[in-house]
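Pasting run04.cif here (mmCIF, C-alpha atoms and all ligand atoms):
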```cif
data_upload
#
loop_
_atom_site.group_PDB
_atom_site.id
_atom_site.type_symbol
_atom_site.label_atom_id
_atom_site.label_comp_id
_atom_site.auth_asym_id
_atom_site.auth_seq_id
_atom_site.Cartn_x
_atom_site.Cartn_y
_atom_site.Cartn_z
ATOM 1 C CA MET A 1 92.144 177.717 -16.653
ATOM 2 C CA ASN A 2 90.005 180.576 -15.354
ATOM 3 C CA THR A 3 91.699 183.493 -13.657
ATOM 4 C CA ASP A 4 90.401 185.129 -10.485
ATOM 5 C CA LEU A 5 88.843 188.565 -11.032
ATOM 6 C CA HIS A 6 87.888 191.221 -8.495
ATOM 7 C CA GLY A 7 84.294 192.196 -7.819
ATOM 8 C CA ILE A 8 81.998 193.917 -5.350
ATOM 9 C CA VAL A 9 78.737 192.350 -4.228
ATOM 10 C CA ILE A 10 75.644 194.344 -5.183
ATOM 11 C CA SER A 11 72.959 192.067 -3.769
ATOM 12 C CA ARG A 12 72.154 188.520 -2.902
ATOM 13 C CA HIS A 13 69.019 186.542 -3.609
ATOM 14 C CA GLY A 14 69.268 183.108 -2.069
ATOM 15 C CA LYS A 15 72.231 181.339 -3.640
ATOM 16 C CA GLU A 16 72.537 183.839 -6.478
ATOM 17 C CA VAL A 17 74.850 186.798 -5.942
ATOM 18 C CA LEU A 18 74.921 189.824 -8.221
ATOM 19 C CA ILE A 19 78.422 191.294 -8.461
ATOM 20 C CA GLU A 20 80.000 194.206 -10.321
ATOM 21 C CA ASP A 21 83.470 193.955 -11.828
ATOM 22 C CA ASP A 22 86.132 196.685 -12.038
ATOM 23 C CA GLN A 23 84.703 197.860 -15.380
ATOM 24 C CA GLY A 24 81.232 198.293 -13.886
ATOM 25 C CA MET A 25 79.815 195.226 -15.635
ATOM 26 C CA ARG A 26 77.409 193.072 -13.661
ATOM 27 C CA HIS A 27 77.463 189.289 -13.415
ATOM 28 C CA ARG A 28 75.253 186.715 -11.757
ATOM 29 C CA CYS A 29 77.375 184.451 -9.644
ATOM 30 C CA VAL A 30 76.864 181.276 -7.729
ATOM 31 C CA THR A 31 78.583 180.772 -4.382
ATOM 32 C CA ARG A 32 79.953 177.700 -2.782
ATOM 33 C CA THR A 33 78.011 176.585 0.276
ATOM 34 C CA GLN A 34 80.864 177.492 2.610
ATOM 35 C CA LEU A 35 80.659 181.096 1.356
ATOM 36 C CA ASP A 36 77.115 181.349 2.663
ATOM 37 C CA ALA A 37 77.672 184.680 4.381
ATOM 38 C CA VAL A 38 78.563 186.699 1.240
ATOM 39 C CA ILE A 39 76.585 189.936 1.380
ATOM 40 C CA SER A 40 76.245 193.431 -0.136
ATOM 41 C CA GLY A 41 79.497 195.373 0.131
ATOM 42 C CA ASP A 42 81.701 192.289 0.110
ATOM 43 C CA ARG A 43 84.809 192.372 -2.067
ATOM 44 C CA VAL A 44 85.180 189.012 -3.739
ATOM 45 C CA LEU A 45 87.318 187.019 -6.142
ATOM 46 C CA TRP A 46 85.315 185.347 -8.871
ATOM 47 C CA GLN A 47 85.696 183.468 -12.128
ATOM 48 C CA GLN A 48 83.765 184.030 -15.315
ATOM 49 C CA GLN A 49 81.870 180.993 -16.593
ATOM 50 C CA SER A 50 79.866 182.444 -19.441
ATOM 51 C CA GLN A 51 78.633 185.869 -20.591
ATOM 52 C CA GLY A 52 77.192 187.547 -17.457
ATOM 53 C CA HIS A 53 77.667 184.480 -15.286
ATOM 54 C CA GLY A 54 80.369 183.378 -12.894
ATOM 55 C CA SER A 55 81.222 181.773 -9.629
ATOM 56 C CA ILE A 56 82.621 183.344 -6.468
ATOM 57 C CA THR A 57 85.792 181.695 -5.254
ATOM 58 C CA ARG A 58 86.701 183.825 -2.254
ATOM 59 C CA VAL A 59 85.345 186.557 0.005
ATOM 60 C CA LEU A 60 88.144 189.032 0.797
ATOM 61 C CA PRO A 61 88.727 190.154 4.407
ATOM 62 C CA ARG A 62 86.140 192.652 5.622
ATOM 63 C CA HIS A 63 86.118 195.761 7.736
ATOM 64 C CA GLY A 64 83.008 197.435 9.144
ATOM 65 C CA GLU A 65 80.871 194.346 9.287
ATOM 66 C CA LEU A 66 77.348 194.851 10.585
ATOM 67 C CA HIS A 67 75.557 191.957 12.293
ATOM 68 C CA ALA A 68 71.972 191.531 13.338
ATOM 69 C CA ILE A 69 69.877 188.756 14.760
ATOM 70 C CA SER A 70 67.514 187.355 12.159
ATOM 71 C CA LYS A 71 63.869 186.542 12.816
ATOM 72 C CA THR A 72 64.881 182.955 13.486
ATOM 73 C CA GLY A 73 67.298 184.133 16.187
ATOM 74 C CA LYS A 74 70.481 183.407 14.253
ATOM 75 C CA PRO A 75 73.204 186.072 13.898
ATOM 76 C CA ARG A 76 73.683 187.171 10.307
ATOM 77 C CA VAL A 77 75.774 189.718 8.470
ATOM 78 C CA VAL A 78 73.655 192.606 7.162
ATOM 79 C CA ALA A 79 76.371 194.398 5.190
ATOM 80 C CA ALA A 80 80.155 194.428 4.844
ATOM 81 C CA ASN A 81 82.950 197.000 4.416
ATOM 82 C CA ILE A 82 80.891 199.824 5.889
ATOM 83 C CA ASP A 83 82.407 203.177 6.857
ATOM 84 C CA ILE A 84 79.262 205.012 7.920
ATOM 85 C CA ALA A 85 75.966 203.920 9.461
ATOM 86 C CA LEU A 86 73.279 206.426 8.536
ATOM 87 C CA VAL A 87 70.856 206.001 11.405
ATOM 88 C CA VAL A 88 67.588 207.359 10.061
ATOM 89 C CA CYS A 89 64.799 208.373 12.397
ATOM 90 C CA ALA A 90 61.845 210.627 11.739
ATOM 91 C CA ALA A 91 58.917 212.624 12.999
ATOM 92 C CA GLN A 92 56.772 209.714 11.827
ATOM 93 C CA PRO A 93 56.968 206.896 13.024
ATOM 94 C CA GLN A 94 57.709 208.475 16.367
ATOM 95 C CA LEU A 95 61.331 208.827 17.489
ATOM 96 C CA GLN A 96 62.428 205.928 19.697
ATOM 97 C CA ILE A 97 65.560 206.884 21.589
ATOM 98 C CA ASP A 98 66.198 203.331 22.816
ATOM 99 C CA LEU A 99 66.209 202.078 19.224
ATOM 100 C CA LEU A 100 68.492 204.953 18.215
ATOM 101 C CA ASP A 101 70.926 203.935 20.963
ATOM 102 C CA HIS A 102 70.828 200.322 19.776
ATOM 103 C CA TYR A 103 71.793 201.320 16.251
ATOM 104 C CA ILE A 104 74.552 203.634 17.470
ATOM 105 C CA ILE A 105 75.977 201.030 19.836
ATOM 106 C CA ALA A 106 75.847 198.345 17.140
ATOM 107 C CA ALA A 107 77.765 200.702 14.834
ATOM 108 C CA GLU A 108 80.340 201.519 17.518
ATOM 109 C CA ILE A 109 80.919 197.827 18.239
ATOM 110 C CA ALA A 110 81.556 197.294 14.534
ATOM 111 C CA ALA A 111 83.882 200.358 14.424
ATOM 112 C CA ILE A 112 81.517 202.095 11.994
ATOM 113 C CA GLN A 113 80.931 205.855 12.249
ATOM 114 C CA PRO A 114 77.270 206.586 13.034
ATOM 115 C CA ILE A 115 75.532 209.639 11.578
ATOM 116 C CA ILE A 116 72.038 210.477 12.817
ATOM 117 C CA LEU A 117 69.535 211.687 10.282
ATOM 118 C CA PHE A 118 66.228 213.032 11.539
ATOM 119 C CA ASN A 119 63.790 213.087 8.609
ATOM 120 C CA LYS A 120 60.312 214.566 7.925
ATOM 121 C CA ILE A 121 60.834 217.869 9.749
ATOM 122 C CA ASP A 122 58.080 219.186 7.438
ATOM 123 C CA LEU A 123 55.591 217.362 9.680
ATOM 124 C CA LEU A 124 56.617 219.240 12.838
ATOM 125 C CA SER A 125 55.756 222.637 14.291
ATOM 126 C CA ALA A 126 58.591 224.785 15.650
ATOM 127 C CA GLU A 127 57.655 223.672 19.185
ATOM 128 C CA GLU A 128 57.635 220.001 18.248
ATOM 129 C CA LEU A 129 60.990 220.344 16.515
ATOM 130 C CA GLN A 130 62.335 221.919 19.698
ATOM 131 C CA VAL A 131 61.336 218.787 21.637
ATOM 132 C CA VAL A 132 63.226 216.615 19.139
ATOM 133 C CA HIS A 133 66.286 218.876 19.474
ATOM 134 C CA SER A 134 66.183 218.480 23.236
ATOM 135 C CA GLN A 135 66.325 214.701 22.736
ATOM 136 C CA LEU A 136 69.026 214.647 20.053
ATOM 137 C CA ASP A 137 71.352 217.415 21.306
ATOM 138 C CA LEU A 138 72.873 214.820 23.653
ATOM 139 C CA TYR A 139 74.171 212.886 20.643
ATOM 140 C CA GLN A 140 75.766 215.988 19.193
ATOM 141 C CA THR A 141 77.453 216.547 22.569
ATOM 142 C CA LEU A 142 78.755 212.981 22.347
ATOM 143 C CA GLY A 143 80.396 213.903 19.055
ATOM 144 C CA TYR A 144 77.930 212.464 16.576
ATOM 145 C CA ARG A 145 76.765 214.318 13.535
ATOM 146 C CA VAL A 146 73.010 214.992 13.622
ATOM 147 C CA ASP A 147 71.297 216.210 10.440
ATOM 148 C CA TYR A 148 67.716 217.462 10.336
ATOM 149 C CA VAL A 149 66.161 216.937 6.927
ATOM 150 C CA SER A 150 62.964 216.838 4.958
ATOM 151 C CA LEU A 151 63.207 214.665 1.902
ATOM 152 C CA HIS A 152 59.820 215.905 0.723
ATOM 153 C CA GLN A 153 60.923 219.535 0.882
ATOM 154 C CA ALA A 154 64.545 218.869 -0.154
ATOM 155 C CA ILE A 155 65.934 220.435 3.022
ATOM 156 C CA GLY A 156 69.296 219.563 4.570
ATOM 157 C CA LEU A 157 70.879 217.093 2.178
ATOM 158 C CA VAL A 158 73.761 219.004 0.580
ATOM 159 C CA ALA A 159 76.191 218.833 3.530
ATOM 160 C CA LEU A 160 75.395 215.165 4.012
ATOM 161 C CA GLN A 161 76.222 214.401 0.389
ATOM 162 C CA ASP A 162 79.699 215.908 0.876
ATOM 163 C CA GLU A 163 80.202 213.848 4.021
ATOM 164 C CA LEU A 164 79.327 210.626 2.223
ATOM 165 C CA ALA A 165 81.487 211.140 -0.879
ATOM 166 C CA GLY A 166 83.910 208.267 -1.368
ATOM 167 C CA LYS A 167 82.600 206.286 1.603
ATOM 168 C CA THR A 168 80.382 203.239 1.940
ATOM 169 C CA ALA A 169 77.303 203.946 4.007
ATOM 170 C CA VAL A 170 74.529 201.692 5.201
ATOM 171 C CA LEU A 171 70.990 202.844 5.931
ATOM 172 C CA LEU A 172 69.590 201.787 9.290
ATOM 173 C CA GLY A 173 66.343 202.659 10.964
ATOM 174 C CA GLN A 174 62.876 201.350 11.572
ATOM 175 C CA SER A 175 60.357 200.810 8.807
ATOM 176 C CA GLY A 176 58.792 203.931 7.366
ATOM 177 C CA VAL A 177 61.355 206.552 8.432
ATOM 178 C CA GLY A 178 62.372 207.199 4.813
ATOM 179 C CA LYS A 179 65.472 205.110 4.094
ATOM 180 C CA SER A 180 64.412 204.187 0.571
ATOM 181 C CA SER A 181 63.262 207.773 -0.050
ATOM 182 C CA LEU A 182 66.693 209.020 1.024
ATOM 183 C CA LEU A 183 68.354 206.555 -1.278
ATOM 184 C CA ARG A 184 66.309 207.815 -4.214
ATOM 185 C CA GLU A 185 67.394 211.392 -3.408
ATOM 186 C CA LEU A 186 71.069 210.527 -3.035
ATOM 187 C CA VAL A 187 71.326 208.021 -5.857
ATOM 188 C CA PRO A 188 69.744 209.177 -9.089
ATOM 189 C CA GLY A 189 68.115 206.254 -10.840
ATOM 190 C CA ALA A 190 67.946 204.018 -7.776
ATOM 191 C CA THR A 191 64.879 201.862 -7.985
ATOM 192 C CA ALA A 192 64.335 201.312 -4.266
ATOM 193 C CA ARG A 193 60.643 201.061 -3.612
ATOM 194 C CA VAL A 194 59.097 203.619 -1.323
ATOM 195 C CA GLY A 195 56.405 202.355 1.020
ATOM 196 C CA GLU A 196 53.257 201.757 -0.959
ATOM 197 C CA LEU A 197 50.888 198.859 -0.312
ATOM 198 C CA SER A 198 51.660 195.329 -1.360
ATOM 199 C CA ALA A 199 49.230 192.436 -1.023
ATOM 200 C CA GLU A 200 51.734 190.101 0.522
ATOM 201 C CA GLN A 201 53.172 191.960 3.485
ATOM 202 C CA GLY A 202 50.836 194.912 3.764
ATOM 203 C CA LYS A 203 53.795 197.101 2.858
ATOM 204 C CA HIS A 204 56.372 197.472 0.128
ATOM 205 C CA THR A 205 59.243 197.288 2.545
ATOM 206 C CA THR A 206 62.760 196.718 1.320
ATOM 207 C CA SER A 207 63.297 192.989 1.660
ATOM 208 C CA HIS A 208 66.989 192.463 0.928
ATOM 209 C CA SER A 209 70.257 194.425 1.129
ATOM 210 C CA GLU A 210 71.347 196.176 -2.056
ATOM 211 C CA LEU A 211 74.384 198.283 -2.922
ATOM 212 C CA TYR A 212 74.176 201.485 -5.005
ATOM 213 C CA HIS A 213 76.805 203.862 -6.413
ATOM 214 C CA LEU A 214 76.889 207.382 -4.976
ATOM 215 C CA PRO A 215 77.323 210.043 -7.682
ATOM 216 C CA ASN A 216 80.436 211.535 -6.011
ATOM 217 C CA GLY A 217 82.057 208.150 -5.451
ATOM 218 C CA GLY A 218 81.377 205.636 -2.738
ATOM 219 C CA TYR A 219 78.414 203.405 -2.113
ATOM 220 C CA MET A 220 75.143 203.254 -0.254
ATOM 221 C CA ILE A 221 73.576 200.058 1.045
ATOM 222 C CA ASP A 222 69.845 199.847 1.710
ATOM 223 C CA SER A 223 69.221 197.141 4.278
ATOM 224 C CA PRO A 224 65.933 195.530 5.227
ATOM 225 C CA GLY A 225 63.883 197.535 7.730
ATOM 226 C CA VAL A 226 65.031 195.987 10.958
ATOM 227 C CA ARG A 227 62.000 195.817 13.198
ATOM 228 C CA SER A 228 63.190 194.152 16.364
ATOM 229 C CA PHE A 229 66.817 195.091 15.971
ATOM 230 C CA ASN A 230 69.124 193.149 18.199
ATOM 231 C CA PHE A 231 72.840 192.685 17.805
ATOM 232 C CA ILE A 232 74.853 189.622 18.602
ATOM 233 C CA PRO A 233 75.789 189.217 22.259
ATOM 234 C CA VAL A 234 78.941 191.027 23.346
ATOM 235 C CA ASP A 235 80.832 190.992 26.614
ATOM 236 C CA ALA A 236 80.420 193.823 29.128
ATOM 237 C CA ALA A 237 83.804 195.384 28.292
ATOM 238 C CA THR A 238 82.984 195.640 24.574
ATOM 239 C CA LEU A 239 79.568 197.083 25.353
ATOM 240 C CA ALA A 240 80.968 199.673 27.785
ATOM 241 C CA HIS A 241 83.560 200.736 25.196
ATOM 242 C CA ALA A 242 80.779 201.284 22.642
ATOM 243 C CA PHE A 243 79.399 204.064 24.869
ATOM 244 C CA VAL A 244 81.806 206.795 23.762
ATOM 245 C CA GLU A 245 81.395 208.902 26.898
ATOM 246 C CA PHE A 246 82.449 205.924 29.080
ATOM 247 C CA ARG A 247 85.861 205.667 27.437
ATOM 248 C CA PRO A 248 87.745 208.256 29.552
ATOM 249 C CA TYR A 249 86.791 206.319 32.707
ATOM 250 C CA LEU A 250 87.399 202.764 31.522
ATOM 251 C CA GLY A 251 90.311 201.166 33.351
ATOM 252 C CA GLN A 252 89.816 203.422 36.387
ATOM 253 C CA CYS A 253 87.437 201.154 38.317
ATOM 254 C CA ARG A 254 88.688 199.385 41.452
ATOM 255 C CA PHE A 255 88.132 195.972 39.853
ATOM 256 C CA ALA A 256 89.575 195.201 36.443
ATOM 257 C CA ASN A 257 86.525 193.138 35.494
ATOM 258 C CA CYS A 258 84.040 195.737 36.797
ATOM 259 C CA SER A 259 80.584 195.423 35.218
ATOM 260 C CA HIS A 260 79.808 199.057 36.203
ATOM 261 C CA THR A 261 76.622 197.971 37.951
ATOM 262 C CA HIS A 262 77.046 197.311 41.692
ATOM 263 C CA GLU A 263 80.792 197.304 42.371
ATOM 264 C CA PRO A 264 82.351 199.691 44.878
ATOM 265 C CA GLY A 265 84.919 202.081 43.406
ATOM 266 C CA CYS A 266 83.298 202.054 39.951
ATOM 267 C CA ALA A 267 84.516 205.042 37.913
ATOM 268 C CA ILE A 268 81.571 204.821 35.506
ATOM 269 C CA LYS A 269 78.992 204.913 38.299
ATOM 270 C CA LYS A 270 80.821 207.833 39.863
ATOM 271 C CA ALA A 271 80.861 209.718 36.539
ATOM 272 C CA ALA A 272 77.110 209.117 36.247
ATOM 273 C CA GLU A 273 76.545 210.399 39.770
ATOM 274 C CA ASN A 274 78.547 213.503 38.880
ATOM 275 C CA HIS A 275 76.468 213.964 35.689
ATOM 276 C CA LEU A 276 79.533 213.472 33.487
ATOM 277 C CA ILE A 277 77.600 210.553 31.992
ATOM 278 C CA THR A 278 73.852 211.130 31.604
ATOM 279 C CA GLN A 279 71.486 208.951 33.613
ATOM 280 C CA GLN A 280 69.705 208.089 30.374
ATOM 281 C CA ARG A 281 72.782 206.573 28.747
ATOM 282 C CA TYR A 282 73.931 204.908 31.960
ATOM 283 C CA ASP A 283 70.495 203.268 32.265
ATOM 284 C CA ARG A 284 70.679 202.236 28.602
ATOM 285 C CA TYR A 285 74.025 200.567 29.239
ATOM 286 C CA GLN A 286 72.493 198.644 32.152
ATOM 287 C CA ALA A 287 69.506 197.566 30.071
ATOM 288 C CA MET A 288 71.647 196.516 27.120
ATOM 289 C CA ARG A 289 74.019 194.662 29.406
ATOM 290 C CA VAL A 290 71.161 192.566 30.725
ATOM 291 C CA GLU A 291 69.773 191.936 27.243
ATOM 292 C CA ASN A 292 72.964 191.363 25.342
ATOM 293 C CA THR A 293 75.811 190.145 27.477
ATOM 294 C CA ILE A 294 76.689 186.509 26.960
HETATM 295 N N1 LIG B 301 56.139 214.001 5.252
HETATM 296 C C1 LIG B 301 57.219 213.374 4.820
HETATM 297 N N2 LIG B 301 57.128 212.082 4.432
HETATM 298 C C2 LIG B 301 58.237 211.459 3.991
HETATM 299 C C3 LIG B 301 59.502 212.126 3.939
HETATM 300 N N3 LIG B 301 60.405 211.243 3.480
HETATM 301 C C4 LIG B 301 59.749 210.079 3.251
HETATM 302 N N4 LIG B 301 58.435 210.198 3.547
HETATM 303 C C5 LIG B 301 57.383 209.179 3.402
HETATM 304 O O1 LIG B 301 57.559 208.146 4.382
HETATM 305 C C6 LIG B 301 57.057 206.897 3.872
HETATM 306 C C7 LIG B 301 58.077 205.789 4.100
HETATM 307 O O2 LIG B 301 59.239 206.037 3.321
HETATM 308 P P1 LIG B 301 60.243 204.884 2.854
HETATM 309 O O3 LIG B 301 61.369 205.579 2.187
HETATM 310 O O4 LIG B 301 59.533 203.822 2.112
HETATM 311 O O5 LIG B 301 60.688 204.262 4.280
HETATM 312 P P2 LIG B 301 61.760 203.114 4.584
HETATM 313 O O6 LIG B 301 62.554 203.574 5.747
HETATM 314 O O7 LIG B 301 62.501 202.764 3.359
HETATM 315 O O8 LIG B 301 60.831 201.900 5.044
HETATM 316 P P3 LIG B 301 61.178 200.333 4.986
HETATM 317 O O9 LIG B 301 61.630 199.970 3.618
HETATM 318 O O10 LIG B 301 59.865 199.704 5.362
HETATM 319 O O11 LIG B 301 62.210 200.067 6.046
HETATM 320 C C8 LIG B 301 56.721 207.136 2.406
HETATM 321 O O12 LIG B 301 55.346 207.284 2.296
HETATM 322 C C9 LIG B 301 57.447 208.434 2.065
HETATM 323 O O13 LIG B 301 56.825 209.168 1.044
HETATM 324 C C10 LIG B 301 59.556 213.518 4.339
HETATM 325 O O14 LIG B 301 60.596 214.198 4.330
HETATM 326 N N5 LIG B 301 58.397 214.055 4.786
HETATM 327 MG MG MG B 302 62.735 200.884 2.327
HETATM 328 ZN ZN ZN B 303 83.061 200.132 36.844
#
```

Would you mind writing the file out in structure tokens?
Ligand SMILES: Nc1nc2c(ncn2[C@@H]2O[C@H](COP(=O)(O)OP(=O)(O)OP(=O)(O)O)[C@@H](O)[C@H]2O)c(=O)[nH]1
Ligand SMILES: [Mg+2]
Ligand SMILES: [Zn+2]
Amino acid sequence: MNTDLHGIVISRHGKEVLIEDDQGMRHRCVTRTQLDAVISGDRVLWQQQSQGHGSITRVLPRHGELHAISKTGKPRVVAANIDIALVVCAAQPQLQIDLLDHYIIAAEIAAIQPIILFNKIDLLSAEELQVVHSQLDLYQTLGYRVDYVSLHQAIGLVALQDELAGKTAVLLGQSGVGKSSLLRELVPGATARVGELSAEQGKHTTSHSELYHLPNGGYMIDSPGVRSFNFIPVDAATLAHAFVEFRPYLGQCRFANCSHTHEPGCAIKKAAENHLITQQRYDRYQAMRVENTI
């Protein structure tokens, strides 16, 4: 009779799941069909079948589960047991604040701590960098960590490495911002491919989630470049709570089920009018509510 062993999921390719056991040995495992959602970062129970091969019997309960809508429109888990979402943006491709908000809100909904990483500062003049600061200072005010880095010039990574030690982080951000490059800096020996041309897709983009060890303990997960990122629909209350600056006012509206759009006596609207919530984030809430509420 086989005994159940513990493992952590490194990556998944179709039905085959690569796991690592407590001794750091890797095994190719098959999953049962009902365990379809097993993904990088999952802690699993598994049984050895032969040298280097096994079968997963159970996926252990998760925290910090990140969902996205796949190209076919179905919700899917991108990564599991995440503590930190490293939201990478860059000088090139151009910073998209709406996308940044989407990543941050998705992280907040999943109770994952977002950290914003602005990469490729080597491409910007002092004036241009100032413009970026004026866009990202808001997020610092909201309590988020914002790091300005250049992976090419090795600027700004030391403090981040300390912050990540012992945690599990996932890399988010649009294609080309430098997620795989960051991974190669943070994880010596990582083989993540950095955007060169491939015949098939036009780009060597990362095509599946993979988990890597951080040198000071903890893990990093490189997820596929999410182009049209969209998270699974949430109700208005969950969405409002994901906007951190709304939280002090939640529960103070005249109506308990206030959508913070048109209702009289809305504490959120009032806070926005009084500039305690920025117009930009209030508008983003409205837009996301329309797009995402069930
Ligand atoms: N100038 C400059 N270029 C950088 C920097 N970091 C990364 N790049 C370049 O940006 C390009 C994209 O980097 P990747 O790491 O492949 O980007 P990615 O986010 O993993 O992209 P996907 O896998 O498609 O999601 C590569 O050509 C890198 O060499 C930087 O600090 N400065
Ligand atoms: Mg990549
Ligand atoms: Zn309200």

Practice task
To verify the selection step, state as a VMD selection string which residues the PyMOL selection byres (((chain A and resi 92-97) around 12) and not hetatm) yields on this input.
Solution key: chain A and resid 87 to 91 98 to 104 116 to 124 128 to 129 131 to 136 138 to 139 150 173 to 178 280 to 281 284

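Selection of all polymer residues within 9 Å of ligand ZN 303 (chain B) on the basis of all atoms listed in the file gives A:Tyr249, A:Leu250, A:Gly251, A:Gln252, A:Cys253, A:Arg254, A:Phe255, A:Ala256, A:Asn257, A:Cys258, A:Ser259, A:His260, A:Thr261, A:His262, A:Glu263, A:Pro264, A:Gly265, A:Cys266, A:Ala267, A:Ile268, A:Lys269, A:Lys270.
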
Handout entry: Given the PyMOL selection byres (((chain A and resi 38) around 9) and not hetatm), the residues it picks as a PyMOL selection string
Key = chain A and resi 9+12+17+31+35-37+39-42+44+59+77+79-80

Practice task
Skip A:Asp162 itself and residues of its chain fewer than 2 positions away, then list as a ChimeraX atom specification all residues within 12 Å of it, counting all atoms listed in the file.
Solution key: /A:156-160,164-167,186,214-218

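Between atom CA of A:Met25 and atom CA of A:Arg184 there is a distance of 21.7 Å.
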
Box for stretch 276-290 of chain A: with edges along x, y and z, all listed atoms inside and 3 Å added on each side, what are the centre and edge lengths in Å to one decimal, as JSON?
```
{"center_x": 74.5, "center_y": 203.0, "center_z": 30.4, "size_x": 16.0, "size_y": 26.9, "size_z": 12.5}
```

Since I can't run it myself right now, could you work out what the PyMOL selection byres (((chain A and resi 170) around 7) and not hetatm) selects here and report it as a PDB file with C-alpha atoms, in the coordinates of the input?
```pdb
ATOM      1  CA  ILE A  82      80.891 199.824   5.889  1.00  0.00           C
ATOM      2  CA  ILE A  84      79.262 205.012   7.920  1.00  0.00           C
ATOM      3  CA  ALA A  85      75.966 203.920   9.461  1.00  0.00           C
ATOM      4  CA  LEU A  86      73.279 206.426   8.536  1.00  0.00           C
ATOM      5  CA  THR A 168      80.382 203.239   1.940  1.00  0.00           C
ATOM      6  CA  ALA A 169      77.303 203.946   4.007  1.00  0.00           C
ATOM      7  CA  LEU A 171      70.990 202.844   5.931  1.00  0.00           C
ATOM      8  CA  LEU A 172      69.590 201.787   9.290  1.00  0.00           C
ATOM      9  CA  MET A 220      75.143 203.254  -0.254  1.00  0.00           C
ATOM     10  CA  ILE A 221      73.576 200.058   1.045  1.00  0.00           C
ATOM     11  CA  ASP A 222      69.845 199.847   1.710  1.00  0.00           C
TER      12      ASP A 222
END
```
